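For reference, work32.pdb (PDB, C-alpha atoms and all ligand atoms):
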ATOM      1  CA  MET M   1       0.280  18.608  12.440
ATOM      2  CA  ALA M   2       1.807  15.497  10.933
ATOM      3  CA  ARG M   3       5.375  15.606   9.702
ATOM      4  CA  THR M   4       5.264  13.910   6.310
ATOM      5  CA  ILE M   5       8.500  12.197   5.340
ATOM      6  CA  ALA M   6       9.095  10.533   1.969
ATOM      7  CA  VAL M   7      11.639   7.730   2.081
ATOM      8  CA  ALA M   8      13.150   7.880  -1.366
ATOM      9  CA  ASN M   9      16.056   6.719  -3.446
ATOM     10  CA  GLN M  10      15.667   5.854  -7.117
ATOM     11  CA  LYS M  11      18.180   3.057  -6.607
ATOM     12  CA  GLY M  12      16.545  -0.265  -5.823
ATOM     13  CA  GLY M  13      17.190  -2.406  -2.780
ATOM     14  CA  VAL M  14      18.835   0.206  -0.560
ATOM     15  CA  GLY M  15      16.523  -0.271   2.436
ATOM     16  CA  LYS M  16      13.627   2.130   1.763
ATOM     17  CA  THR M  17      10.903  -0.349   2.666
ATOM     18  CA  THR M  18      12.829  -1.777   5.627
ATOM     19  CA  THR M  19      13.238   1.776   6.902
ATOM     20  CA  VAL M  20       9.592   2.759   6.472
ATOM     21  CA  VAL M  21       8.319  -0.375   8.233
ATOM     22  CA  ASN M  22      10.755  -0.285  11.129
ATOM     23  CA  LEU M  23      10.979   3.454  11.628
ATOM     24  CA  GLY M  24       7.173   3.523  11.516
ATOM     25  CA  ALA M  25       6.879   0.817  14.166
ATOM     26  CA  SER M  26       9.544   2.457  16.357
ATOM     27  CA  LEU M  27       7.784   5.830  16.150
ATOM     28  CA  ALA M  28       4.443   4.253  17.063
ATOM     29  CA  VAL M  29       5.985   2.390  19.999
ATOM     30  CA  ALA M  30       7.367   5.746  21.155
ATOM     31  CA  GLU M  31       3.724   6.926  21.225
ATOM     32  CA  GLN M  32       3.947   8.952  18.046
ATOM     33  CA  LYS M  33       0.861   8.091  16.064
ATOM     34  CA  THR M  34       2.125   7.196  12.620
ATOM     35  CA  LEU M  35       0.639   6.500   9.198
ATOM     36  CA  ILE M  36       2.589   4.529   6.631
ATOM     37  CA  LEU M  37       1.689   5.113   3.036
ATOM     38  CA  ASP M  38       2.775   2.399   0.650
ATOM     39  CA  CYS M  39       3.323   4.199  -2.627
ATOM     40  CA  ASP M  40       5.141   1.352  -4.349
ATOM     41  CA  PRO M  41       3.206  -1.060  -6.617
ATOM     42  CA  GLN M  42       5.542  -3.830  -5.378
ATOM     43  CA  ALA M  43       3.547  -3.503  -2.112
ATOM     44  CA  ASN M  44       6.484  -4.753  -0.038
ATOM     45  CA  THR M  45       5.622  -2.523   2.902
ATOM     46  CA  THR M  46       2.044  -3.775   2.838
ATOM     47  CA  SER M  47       3.137  -7.415   3.002
ATOM     48  CA  ALA M  48       5.953  -6.752   5.493
ATOM     49  CA  LEU M  49       3.301  -5.459   7.883
ATOM     50  CA  GLY M  50       1.343  -8.681   7.591
ATOM     51  CA  PHE M  51      -1.121  -7.948   4.782
ATOM     52  CA  PRO M  52      -0.898 -10.630   2.094
ATOM     53  CA  LYS M  53      -2.196  -9.977  -1.415
ATOM     54  CA  ASP M  54      -5.959  -9.513  -1.412
ATOM     55  CA  PRO M  55      -7.742  -8.174  -4.504
ATOM     56  CA  ALA M  56     -10.703  -7.111  -2.356
ATOM     57  CA  ARG M  57      -8.655  -4.769  -0.178
ATOM     58  CA  ARG M  58      -8.917  -1.073  -0.906
ATOM     59  CA  THR M  59      -5.571   0.525  -1.598
ATOM     60  CA  LEU M  60      -3.972   3.845  -2.367
ATOM     61  CA  TYR M  61      -5.157   3.357  -5.962
ATOM     62  CA  GLN M  62      -8.793   3.930  -4.964
ATOM     63  CA  THR M  63      -7.933   7.268  -3.422
ATOM     64  CA  LEU M  64      -5.361   8.499  -5.876
ATOM     65  CA  ILE M  65      -7.160   7.579  -9.090
ATOM     66  CA  LEU M  66     -10.787   6.971  -8.192
ATOM     67  CA  GLY M  67     -11.004   9.786  -5.656
ATOM     68  CA  GLU M  68     -12.371   7.733  -2.740
ATOM     69  CA  PRO M  69     -12.039   9.477   0.629
ATOM     70  CA  ILE M  70      -8.700   8.506   2.127
ATOM     71  CA  GLU M  71     -10.267   7.517   5.486
ATOM     72  CA  ARG M  72     -11.787   4.494   3.758
ATOM     73  CA  VAL M  73      -8.462   3.001   2.743
ATOM     74  CA  ILE M  74      -6.678   3.305   6.082
ATOM     75  CA  VAL M  75      -6.066   0.005   7.853
ATOM     76  CA  ARG M  76      -4.816  -0.554  11.393
ATOM     77  CA  THR M  77      -1.704  -2.662  11.795
ATOM     78  CA  GLN M  78      -0.765  -5.024  14.619
ATOM     79  CA  VAL M  79       1.298  -2.202  16.126
ATOM     80  CA  GLU M  80      -0.748   0.085  18.358
ATOM     81  CA  GLY M  81      -0.672   3.592  16.899
ATOM     82  CA  LEU M  82       0.536   2.490  13.466
ATOM     83  CA  ASP M  83      -1.831   2.618  10.489
ATOM     84  CA  ILE M  84      -1.188   1.885   6.840
ATOM     85  CA  ILE M  85      -2.584   2.855   3.493
ATOM     86  CA  PRO M  86      -1.834  -0.303   1.539
ATOM     87  CA  SER M  87      -0.680  -0.651  -2.030
ATOM     88  CA  ASP M  88      -1.115  -3.330  -4.655
ATOM     89  CA  LYS M  89      -0.097  -3.932  -8.238
ATOM     90  CA  ASN M  90      -2.924  -1.722  -9.555
ATOM     91  CA  LEU M  91      -0.712   1.204  -8.676
ATOM     92  CA  VAL M  92       1.414   0.359 -11.714
ATOM     93  CA  GLY M  93      -1.526   1.555 -13.791
ATOM     94  CA  ALA M  94      -1.780   4.677 -11.676
ATOM     95  CA  THR M  95       1.506   6.019 -13.010
ATOM     96  CA  VAL M  96       0.002   5.917 -16.510
ATOM     97  CA  GLU M  97      -3.467   7.092 -15.511
ATOM     98  CA  LEU M  98      -2.071  10.052 -13.601
ATOM     99  CA  VAL M  99      -0.423  11.469 -16.710
ATOM    100  CA  SER M 100      -3.662  12.739 -18.200
ATOM    101  CA  MET M 101      -5.120  13.962 -14.908
ATOM    102  CA  GLU M 102      -5.472  17.517 -13.814
ATOM    103  CA  ASN M 103      -3.153  18.485 -10.995
ATOM    104  CA  ARG M 104      -1.358  15.201 -11.535
ATOM    105  CA  GLU M 105       1.654  15.972  -9.322
ATOM    106  CA  TYR M 106      -0.495  17.025  -6.374
ATOM    107  CA  ARG M 107      -3.158  14.305  -6.181
ATOM    108  CA  LEU M 108      -1.547  12.664  -3.155
ATOM    109  CA  LYS M 109      -0.976  15.964  -1.391
ATOM    110  CA  GLY M 110      -4.664  16.757  -1.737
ATOM    111  CA  ALA M 111      -5.713  13.290  -0.597
ATOM    112  CA  LEU M 112      -3.559  13.469   2.558
ATOM    113  CA  GLU M 113      -4.819  16.868   3.623
ATOM    114  CA  PRO M 114      -7.702  15.619   5.841
ATOM    115  CA  LEU M 115      -5.289  13.417   7.837
ATOM    116  CA  LYS M 116      -2.800  16.098   8.810
ATOM    117  CA  ASN M 117      -4.109  16.485  12.337
ATOM    118  CA  ARG M 118      -4.545  12.802  13.054
ATOM    119  CA  TYR M 119      -0.940  11.706  13.032
ATOM    120  CA  ALA M 120       2.389  12.852  14.369
ATOM    121  CA  PHE M 121       4.206  11.327  11.392
ATOM    122  CA  VAL M 122       3.314  10.142   7.918
ATOM    123  CA  LEU M 123       5.993   7.994   6.234
ATOM    124  CA  ILE M 124       5.806   7.377   2.501
ATOM    125  CA  ASP M 125       7.538   4.394   0.923
ATOM    126  CA  CYS M 126       8.509   5.405  -2.622
ATOM    127  CA  PRO M 127       9.162   3.089  -5.547
ATOM    128  CA  PRO M 128      12.739   2.816  -6.878
ATOM    129  CA  SER M 129      12.141   5.281  -9.704
ATOM    130  CA  LEU M 130      11.334   8.895 -10.320
ATOM    131  CA  ASP M 131       7.907   8.303 -11.788
ATOM    132  CA  LEU M 132       4.740  10.241 -11.038
ATOM    133  CA  LEU M 133       4.166   8.242  -7.836
ATOM    134  CA  THR M 134       7.490   9.436  -6.447
ATOM    135  CA  VAL M 135       6.812  12.973  -7.674
ATOM    136  CA  ASN M 136       3.422  12.868  -5.910
ATOM    137  CA  SER M 137       5.128  11.589  -2.751
ATOM    138  CA  LEU M 138       7.713  14.357  -2.779
ATOM    139  CA  ALA M 139       5.091  17.000  -3.531
ATOM    140  CA  ALA M 140       3.086  15.805  -0.520
ATOM    141  CA  SER M 141       6.031  15.692   1.923
ATOM    142  CA  ASP M 142       7.718  18.086   4.302
ATOM    143  CA  SER M 143      11.020  16.298   3.948
ATOM    144  CA  VAL M 144      12.819  13.407   2.345
ATOM    145  CA  LEU M 145      14.809  10.718   4.119
ATOM    146  CA  VAL M 146      17.389   9.104   1.863
ATOM    147  CA  PRO M 147      18.647   5.617   2.721
ATOM    148  CA  ILE M 148      22.093   4.933   1.282
ATOM    149  CA  GLN M 149      23.598   1.486   1.198
ATOM    150  CA  CYS M 150      27.183   1.499   2.458
ATOM    151  CA  GLU M 151      28.836   0.270  -0.732
ATOM    152  CA  TYR M 152      31.263   1.282  -3.434
ATOM    153  CA  LEU M 153      30.392   4.549  -5.250
ATOM    154  CA  ALA M 154      27.766   5.484  -2.674
ATOM    155  CA  LEU M 155      29.059   9.039  -2.477
ATOM    156  CA  GLU M 156      28.751   9.557  -6.223
ATOM    157  CA  GLY M 157      25.227   8.140  -6.208
ATOM    158  CA  VAL M 158      24.038  10.324  -3.362
ATOM    159  CA  SER M 159      25.262  13.559  -4.947
ATOM    160  CA  GLU M 160      23.382  12.758  -8.143
ATOM    161  CA  LEU M 161      20.319  11.799  -6.172
ATOM    162  CA  LEU M 162      20.343  15.011  -4.160
ATOM    163  CA  ASP M 163      20.766  16.987  -7.385
ATOM    164  CA  THR M 164      17.692  15.310  -8.800
ATOM    165  CA  LEU M 165      15.746  15.822  -5.599
ATOM    166  CA  MET M 166      16.640  19.481  -5.578
ATOM    167  CA  ARG M 167      15.503  19.888  -9.183
ATOM    168  CA  LEU M 168      12.204  18.298  -8.244
ATOM    169  CA  ARG M 169      12.078  20.546  -5.228
ATOM    170  CA  ARG M 170      12.184  23.593  -7.429
ATOM    171  CA  SER M 171       9.452  22.333  -9.703
ATOM    172  CA  VAL M 172       6.939  20.706  -7.340
ATOM    173  CA  ASN M 173       7.712  21.512  -3.698
ATOM    174  CA  PRO M 174      10.039  24.391  -2.797
ATOM    175  CA  ALA M 175       9.517  23.701   0.917
ATOM    176  CA  LEU M 176      10.858  20.151   0.745
ATOM    177  CA  ALA M 177      13.675  19.681   3.274
ATOM    178  CA  ILE M 178      16.225  16.927   3.666
ATOM    179  CA  GLU M 179      15.234  14.965   6.766
ATOM    180  CA  GLY M 180      18.537  13.161   6.632
ATOM    181  CA  ILE M 181      20.766  10.659   4.907
ATOM    182  CA  LEU M 182      20.590   7.217   6.500
ATOM    183  CA  LEU M 183      23.440   4.738   6.223
ATOM    184  CA  THR M 184      21.992   1.255   5.717
ATOM    185  CA  MET M 185      23.354  -2.286   5.586
ATOM    186  CA  TYR M 186      26.489  -1.152   7.375
ATOM    187  CA  ASP M 187      28.919  -3.950   8.040
ATOM    188  CA  ASP M 188      31.500  -2.979  10.631
ATOM    189  CA  ARG M 189      33.716  -5.935   9.676
ATOM    190  CA  THR M 190      34.508  -4.457   6.291
ATOM    191  CA  THR M 191      36.800  -1.532   5.623
ATOM    192  CA  LEU M 192      34.623  -0.618   2.650
ATOM    193  CA  SER M 193      31.581   0.045   4.851
ATOM    194  CA  LYS M 194      33.693   2.099   7.248
ATOM    195  CA  GLN M 195      35.267   4.068   4.412
ATOM    196  CA  VAL M 196      31.934   4.787   2.741
ATOM    197  CA  ALA M 197      30.409   5.906   6.046
ATOM    198  CA  ALA M 198      33.412   8.155   6.796
ATOM    199  CA  ASP M 199      33.274   9.698   3.293
ATOM    200  CA  LEU M 200      29.548  10.394   3.505
ATOM    201  CA  ARG M 201      29.917  11.968   6.931
ATOM    202  CA  SER M 202      32.820  14.148   5.938
ATOM    203  CA  PHE M 203      30.973  15.339   2.839
ATOM    204  CA  PHE M 204      27.443  15.707   4.181
ATOM    205  CA  GLY M 205      28.243  16.318   7.853
ATOM    206  CA  SER M 206      25.197  16.773  10.026
ATOM    207  CA  GLN M 207      22.933  15.798   7.125
ATOM    208  CA  VAL M 208      23.778  12.193   7.972
ATOM    209  CA  PHE M 209      21.828  10.596  10.804
ATOM    210  CA  GLU M 210      23.892   9.513  13.793
ATOM    211  CA  ALA M 211      21.951   6.250  13.808
ATOM    212  CA  VAL M 212      23.421   3.708  11.412
ATOM    213  CA  ILE M 213      21.471   0.643  10.287
ATOM    214  CA  PRO M 214      23.672  -2.458  10.424
ATOM    215  CA  ARG M 215      23.432  -5.363   8.036
ATOM    216  CA  ASN M 216      21.340  -7.624  10.222
ATOM    217  CA  VAL M 217      19.694 -10.879   9.272
ATOM    218  CA  ARG M 218      16.739 -10.247  11.594
ATOM    219  CA  LEU M 219      15.813  -7.197   9.523
ATOM    220  CA  ALA M 220      15.781  -9.362   6.412
ATOM    221  CA  GLU M 221      13.779 -12.150   8.079
ATOM    222  CA  ALA M 222      11.084 -10.110   9.794
ATOM    223  CA  PRO M 223       9.065  -9.247   6.620
ATOM    224  CA  SER M 224       8.463 -12.919   5.840
ATOM    225  CA  HIS M 225       6.772 -13.147   9.244
ATOM    226  CA  GLY M 226       4.704 -10.061   8.463
ATOM    227  CA  LYS M 227       6.184  -8.160  11.392
ATOM    228  CA  PRO M 228       8.381  -5.156  12.055
ATOM    229  CA  VAL M 229      11.660  -6.260  13.616
ATOM    230  CA  LEU M 230      10.624  -4.876  17.021
ATOM    231  CA  TYR M 231       7.908  -7.546  17.123
ATOM    232  CA  TYR M 232      10.131 -10.239  15.679
ATOM    233  CA  ASP M 233      13.356  -9.833  17.678
ATOM    234  CA  ILE M 234      13.352  -6.828  19.947
ATOM    235  CA  HIS M 235      16.928  -7.465  21.063
ATOM    236  CA  SER M 236      18.405  -7.564  17.583
ATOM    237  CA  LYS M 237      20.899  -4.961  16.436
ATOM    238  CA  GLY M 238      18.475  -4.006  13.672
ATOM    239  CA  ALA M 239      15.686  -3.259  16.147
ATOM    240  CA  GLU M 240      18.037  -1.196  18.320
ATOM    241  CA  ALA M 241      19.210   0.835  15.341
ATOM    242  CA  TYR M 242      15.695   1.744  14.215
ATOM    243  CA  VAL M 243      14.741   2.764  17.754
ATOM    244  CA  LEU M 244      17.727   5.140  17.751
ATOM    245  CA  LEU M 245      16.688   6.490  14.362
ATOM    246  CA  ALA M 246      13.167   7.119  15.647
ATOM    247  CA  LYS M 247      14.606   9.065  18.582
ATOM    248  CA  GLU M 248      16.541  11.293  16.204
ATOM    249  CA  VAL M 249      13.515  11.854  13.983
ATOM    250  CA  ILE M 250      11.395  12.772  17.020
ATOM    251  CA  ALA M 251      14.141  15.057  18.365
ATOM    252  CA  ASN M 252      14.328  16.777  14.970
ATOM    253  CA  ALA M 253      10.582  17.341  14.959
ATOM    254  CA  GLN M 254      10.659  18.757  18.486
ATOM    255  CA  LYS M 255      13.580  20.994  17.633
ATOM    256  CA  ARG M 256      11.651  22.311  14.652
ATOM    257  CA  LEU M 257       8.605  22.984  16.778
ATOM    258  CA  GLY M 258      10.808  24.869  19.228
ATOM    259  CA  ALA M 259      12.302  26.927  16.450
ATOM    260  CA  GLY M 260       8.754  27.610  15.279
ATOM    261  CA  ALA M 261       8.126  30.386  12.866
ATOM    262  CA  GLN M 262      11.586  31.830  13.375
ATOM    263  CA  ARG M 263      13.106  29.277  11.067
ATOM    264  CA  VAL M 264      13.703  30.668   7.643
ATOM    265  CA  ASP M 265      14.240  28.087   4.974
ATOM    266  CA  SER M 266      17.204  29.725   3.341
ATOM    267  CA  GLY M 267      17.504  27.093   0.610
ATOM    268  CA  ALA M 268      14.247  27.932  -1.125
ATOM    269  CA  GLY M 269      15.860  30.142  -3.740
ATOM    270  CA  GLY M 270      17.537  27.245  -5.514
ATOM    271  CA  PRO M 271      21.154  26.846  -4.398
ATOM    272  CA  ALA M 272      23.779  25.954  -6.961
ATOM    273  CA  SER M 273      25.025  22.570  -5.829
ATOM    274  CA  ALA M 274      23.360  19.503  -4.429
ATOM    275  CA  SER M 275      25.254  19.592  -1.189
ATOM    276  CA  ALA M 276      24.648  23.276  -0.723
ATOM    277  CA  ALA M 277      21.003  22.767  -1.527
ATOM    278  CA  ALA M 278      20.780  19.895   0.878
ATOM    279  CA  ALA M 279      22.528  21.829   3.592
ATOM    280  CA  GLY M 280      20.510  24.970   2.989
ATOM    281  CA  SER M 281      17.232  23.173   3.100
ATOM    282  CA  SER M 282      17.975  20.920   5.993
ATOM    283  CA  SER M 283      16.062  21.204   9.148
ATOM    284  CA  GLY M 284      18.813  19.357  10.972
ATOM    285  CA  ALA M 285      19.507  15.697  10.471
ATOM    286  CA  ASN M 286      20.874  14.945  13.896
ATOM    287  CA  ALA M 287      19.397  17.200  16.478
ATOM    288  CA  GLY M 288      20.298  14.782  19.242
ATOM    289  CA  GLY M 289      23.706  13.929  17.892
ATOM    290  CA  GLY M 290      27.179  14.945  18.832
ATOM    291  CA  GLY M 291      27.937  16.704  15.562
ATOM    292  CA  SER M 292      30.704  14.512  14.227
ATOM    293  CA  GLY M 293      30.632  15.840  10.709
ATOM    294  CA  GLY M 294      33.031  18.333   9.212
ATOM    295  CA  GLY M 295      30.974  18.909   6.063
ATOM    296  CA  PRO M 296      28.392  21.525   5.208
ATOM    297  CA  SER M 297      26.247  22.385   8.175
ATOM    298  CA  GLY M 298      23.885  25.057   6.848
ATOM    299  CA  ILE M 299      21.538  24.754   9.786
TER     300      ILE M 299
HETATM  301  N1  LIG S 301      19.938  -3.574   7.281
HETATM  302  C1  LIG S 301      19.645  -4.678   6.597
HETATM  303  N2  LIG S 301      20.251  -5.852   6.887
HETATM  304  C2  LIG S 301      19.979  -6.969   6.155
HETATM  305  N3  LIG S 301      19.116  -7.003   5.142
HETATM  306  C3  LIG S 301      18.492  -5.861   4.804
HETATM  307  C4  LIG S 301      18.704  -4.649   5.515
HETATM  308  N4  LIG S 301      17.941  -3.676   4.963
HETATM  309  C5  LIG S 301      17.272  -4.266   3.957
HETATM  310  N5  LIG S 301      17.591  -5.573   3.860
HETATM  311  C6  LIG S 301      17.095  -6.516   2.862
HETATM  312  O1  LIG S 301      17.539  -6.077   1.585
HETATM  313  C7  LIG S 301      16.493  -6.193   0.631
HETATM  314  C8  LIG S 301      16.157  -4.801   0.065
HETATM  315  O2  LIG S 301      15.648  -4.008   1.134
HETATM  316  P1  LIG S 301      14.360  -3.097   0.949
HETATM  317  O3  LIG S 301      13.256  -3.887   0.351
HETATM  318  O4  LIG S 301      14.113  -2.435   2.248
HETATM  319  O5  LIG S 301      14.922  -2.062  -0.091
HETATM  320  P2  LIG S 301      14.106  -1.037  -1.000
HETATM  321  O6  LIG S 301      14.997   0.131  -1.202
HETATM  322  O7  LIG S 301      12.765  -0.802  -0.452
HETATM  323  O8  LIG S 301      13.961  -1.870  -2.352
HETATM  324  P3  LIG S 301      13.076  -1.445  -3.642
HETATM  325  O9  LIG S 301      13.869  -0.373  -4.299
HETATM  326  O10 LIG S 301      12.978  -2.695  -4.453
HETATM  327  O11 LIG S 301      11.757  -0.970  -3.129
HETATM  328  C9  LIG S 301      15.333  -6.862   1.334
HETATM  329  O12 LIG S 301      15.400  -8.238   1.114
HETATM  330  C10 LIG S 301      15.576  -6.542   2.809
HETATM  331  O13 LIG S 301      15.033  -7.530   3.668
HETATM  332 MG    MG S 302      10.882  -0.990  -1.349
END
Written as structure tokens, how would this file's structure read?
Amino acid sequence: MARTIAVANQKGGVGKTTTVVNLGASLAVAEQKTLILDCDPQANTTSALGFPKDPARRTLYQTLILGEPIERVIVRTQVEGLDIIPSDKNLVGATVELVSMENREYRLKGALEPLKNRYAFVLIDCPPSLDLLTVNSLAASDSVLVPIQCEYLALEGVSELLDTLMRLRRSVNPALAIEGILLTMYDDRTTLSKQVAADLRSFFGSQVFEAVIPRNVRLAEAPSHGKPVLYYDIHSKGAEAYVLLAKEVIANAQKRLGAGAQRVDSGAGGPASASAAAAGSSSGANAGGGGSGGGPSGI
């Protein structure tokens, strides 16, 4: 059964696409068959994986709006074990067209159903908004991974974001868990980055992944070559960081399997605060980690 993870943050430019592309490649290289779903009309994930604009290519639009079987829109990438459902600018129209459709929040969930047994992981790249595409992504997912850029006011932003996610959780997907909060664009030469990381860890504790994504020029360059960073510069700090993240995500999935049916999702009743909700719903952000956090554990 695939673990479906939406990578979401309504803030733009925080590293969602970079995370989907490079976590996806790292999972596939670790022999976890992975499907990336580009749910953003900007189609940055599609181009970062080496697919330039092509009006003839079938995309998520065909499945979501026109009801074509999802198998027909899947494309193999250059990475063995990594497939993609591409996006293109037509998806902008989808947000409008979805409004009048029946079951509009659950179209993607329904479309993904036949693929559940084919992949170990499905990663969804969400647009930087809370439109119907993001709602569809969250409704179709088991968990949400939230990249947070290590910058001023990050803590404030993440609390609001988790509040919003938890509201959505109540309305469209009560089973949605927090896969983890991921610190991105971390610069260990600045006290600000260190301070932000320390604050997030002390507040969100084990919700924060142990793996931290550094600010790394190779990560920024790789998309223009149409490659994940592992295929562009395997020795870069960026590549190393995403491999570590993949290990944590795999460890989390294995831990969950081990826990099996025993696990009771205690957060489903709608906890009062964002952090409590996040903690209550978490399935453990750092199964492999040393547990550095002093914040809410809730696991
Ligand atoms: N760790 C990093 N180090 C250096 N550059 C990065 C890093 N992560 C992302 N970038 C760069 O920052 C920019 C924004 O990243 P990305 O596209 O992944 O963010 P996003 O959240 O998907 O943006 P959007 O909200 O527009 O979809 C890109 O140019 C990307 O190459
Ligand atoms: Mg993006």
(request) Name the closest residue to ligand LIG 301 (chain S) among the candidates M:Ser236, M:Thr4, M:Ser137, M:Gln195; distances are taken between atoms, counting all atoms listed in the file. (result)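 When distances to ligand LIG 301 (chain S) are compared using all atoms listed in the file, the smallest one comes from M:Ser236.
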(request) Find the residues near ligand LIG 301 (chain S). Use a cut-off of 9 Å, count only C-alpha atoms and all ligand atoms, and write them as an MDAnalysis selection string. (result) chainID M and resid 7:21 40 42:45 125:129 147:149 184:187 213:224 238
(request) I would like the residues chosen by the PyMOL selection byres (((chain M and resi 106-111) around 8) and not hetatm) on the shown file; could you give them as a list in words? (result) Thr63, Leu64, Pro69, Ile70, Asn103, Arg104, Glu105, Leu112, Glu113, Pro114, Asn136, Ser137, Ala139, Ala140 and Ser141 of chain M
(message) I'd like to know which of M:Leu37, M:Ala94, M:Ala2, M:Leu153 is closest to ligand MG 302 (chain S), using only C-alpha atoms and all ligand atoms.
(response)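 Nearest candidate to ligand MG 302 (chain S) out of M:Leu37, M:Ala94, M:Ala2, M:Leu153: M:Leu37.
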(message) Please compute the atom CA of M:Val135-atom CA of M:Val172 distance, one decimal, in Å.
(response) 7.7 Å
Neighbours of M:Leu161 within 12 Å (all atoms listed in the file; same-chain residues fewer than 4 positions away dropped), as a PDB file with C-alpha atoms, keeping the file's coordinate frame?
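selection19.pdb, written as the output of this step:
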ATOM      1  CA  ALA M   8      13.150   7.880  -1.366  1.00  0.00           C
ATOM      2  CA  ASN M   9      16.056   6.719  -3.446  1.00  0.00           C
ATOM      3  CA  GLN M  10      15.667   5.854  -7.117  1.00  0.00           C
ATOM      4  CA  LYS M  11      18.180   3.057  -6.607  1.00  0.00           C
ATOM      5  CA  PRO M 128      12.739   2.816  -6.878  1.00  0.00           C
ATOM      6  CA  SER M 129      12.141   5.281  -9.704  1.00  0.00           C
ATOM      7  CA  LEU M 130      11.334   8.895 -10.320  1.00  0.00           C
ATOM      8  CA  VAL M 144      12.819  13.407   2.345  1.00  0.00           C
ATOM      9  CA  LEU M 145      14.809  10.718   4.119  1.00  0.00           C
ATOM     10  CA  VAL M 146      17.389   9.104   1.863  1.00  0.00           C
ATOM     11  CA  PRO M 147      18.647   5.617   2.721  1.00  0.00           C
ATOM     12  CA  ILE M 148      22.093   4.933   1.282  1.00  0.00           C
ATOM     13  CA  ALA M 154      27.766   5.484  -2.674  1.00  0.00           C
ATOM     14  CA  LEU M 155      29.059   9.039  -2.477  1.00  0.00           C
ATOM     15  CA  GLU M 156      28.751   9.557  -6.223  1.00  0.00           C
ATOM     16  CA  GLY M 157      25.227   8.140  -6.208  1.00  0.00           C
ATOM     17  CA  LEU M 165      15.746  15.822  -5.599  1.00  0.00           C
ATOM     18  CA  MET M 166      16.640  19.481  -5.578  1.00  0.00           C
ATOM     19  CA  ARG M 167      15.503  19.888  -9.183  1.00  0.00           C
ATOM     20  CA  LEU M 168      12.204  18.298  -8.244  1.00  0.00           C
ATOM     21  CA  ILE M 178      16.225  16.927   3.666  1.00  0.00           C
ATOM     22  CA  ILE M 181      20.766  10.659   4.907  1.00  0.00           C
ATOM     23  CA  SER M 273      25.025  22.570  -5.829  1.00  0.00           C
ATOM     24  CA  ALA M 274      23.360  19.503  -4.429  1.00  0.00           C
ATOM     25  CA  SER M 275      25.254  19.592  -1.189  1.00  0.00           C
ATOM     26  CA  ALA M 277      21.003  22.767  -1.527  1.00  0.00           C
ATOM     27  CA  ALA M 278      20.780  19.895   0.878  1.00  0.00           C
TER      28      ALA M 278
END
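Proximity of M:Leu133, M:Leu23, M:Val208, M:Val79 to M:Lys227, computed with only C-alpha atoms, is greatest for M:Val79.
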(request) Measuring atom to atom with all atoms listed in the file, identify which of M:Gly67, M:Asp83, M:Ile124, M:Arg72 is nearest to ligand MG 302 (chain S). (result) M:Ile124
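Nearest to M:Pro52 of all the residues M:Glu97, M:Gly226, M:Lys255, M:Val158 is M:Gly226, based on all atoms listed in the file.
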(request) Please indicate the distance in Å from atom CA of M:Ser87 to atom CA of M:Gly24, rounded to one decimal place. (result) 16.2 Å
(message) Restricting the calculation to all atoms listed in the file: of M:Ser26, M:Thr34, M:Ser47, M:Thr190, which residue gets closest to ligand MG 302 (chain S)?
(response)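 Looking at the shortest contact to ligand MG 302 (chain S), the residue is M:Ser47.
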(message) If the PyMOL selection byres (((chain M and resi 245) around 10) and not hetatm) were run on this exact file, what residues would it hold? Put them as a ChimeraX atom specification.
(response) /M:19,22-23,26-27,182,209-213,239-244,246-251,286
(request) Pull out every residue that the PyMOL selection byres (((chain M and resi 1) around 7) and not hetatm) matches in the shown coordinates and put them as a ChimeraX atom specification. (result) /M:2-3,116-117,120
(request) Rounded to one decimal place, report the atom CA of M:Leu183-atom CA of M:Cys150 distance in Å. (result)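 So the answer is 6.2 Å.
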Rebuild N, CA and C atoms on stretch 17-25 of chain M, as a PDB file, in the coordinates of the input?
ATOM      1  N   THR M  17      12.046   0.316   2.043  1.00  0.00           N
ATOM      2  CA  THR M  17      10.903  -0.349   2.666  1.00  0.00           C
ATOM      3  C   THR M  17      11.227  -0.775   4.103  1.00  0.00           C
ATOM      4  N   THR M  18      12.409  -1.350   4.285  1.00  0.00           N
ATOM      5  CA  THR M  18      12.829  -1.777   5.627  1.00  0.00           C
ATOM      6  C   THR M  18      12.802  -0.581   6.581  1.00  0.00           C
ATOM      7  N   THR M  19      13.206   0.567   6.073  1.00  0.00           N
ATOM      8  CA  THR M  19      13.238   1.776   6.902  1.00  0.00           C
ATOM      9  C   THR M  19      11.824   2.262   7.224  1.00  0.00           C
ATOM     10  N   VAL M  20      10.960   2.278   6.229  1.00  0.00           N
ATOM     11  CA  VAL M  20       9.592   2.759   6.472  1.00  0.00           C
ATOM     12  C   VAL M  20       8.889   1.866   7.505  1.00  0.00           C
ATOM     13  N   VAL M  21       9.001   0.564   7.330  1.00  0.00           N
ATOM     14  CA  VAL M  21       8.319  -0.375   8.233  1.00  0.00           C
ATOM     15  C   VAL M  21       8.860  -0.239   9.662  1.00  0.00           C
ATOM     16  N   ASN M  22      10.181  -0.218   9.781  1.00  0.00           N
ATOM     17  CA  ASN M  22      10.755  -0.285  11.129  1.00  0.00           C
ATOM     18  C   ASN M  22      10.867   1.074  11.811  1.00  0.00           C
ATOM     19  N   LEU M  23      11.050   2.116  11.026  1.00  0.00           N
ATOM     20  CA  LEU M  23      10.979   3.454  11.628  1.00  0.00           C
ATOM     21  C   LEU M  23       9.534   3.719  12.050  1.00  0.00           C
ATOM     22  N   GLY M  24       8.588   3.325  11.196  1.00  0.00           N
ATOM     23  CA  GLY M  24       7.173   3.523  11.516  1.00  0.00           C
ATOM     24  C   GLY M  24       6.797   2.826  12.814  1.00  0.00           C
ATOM     25  N   ALA M  25       7.207   1.571  12.950  1.00  0.00           N
ATOM     26  CA  ALA M  25       6.879   0.817  14.166  1.00  0.00           C
ATOM     27  C   ALA M  25       7.562   1.450  15.384  1.00  0.00           C
TER      28      ALA M  25
END
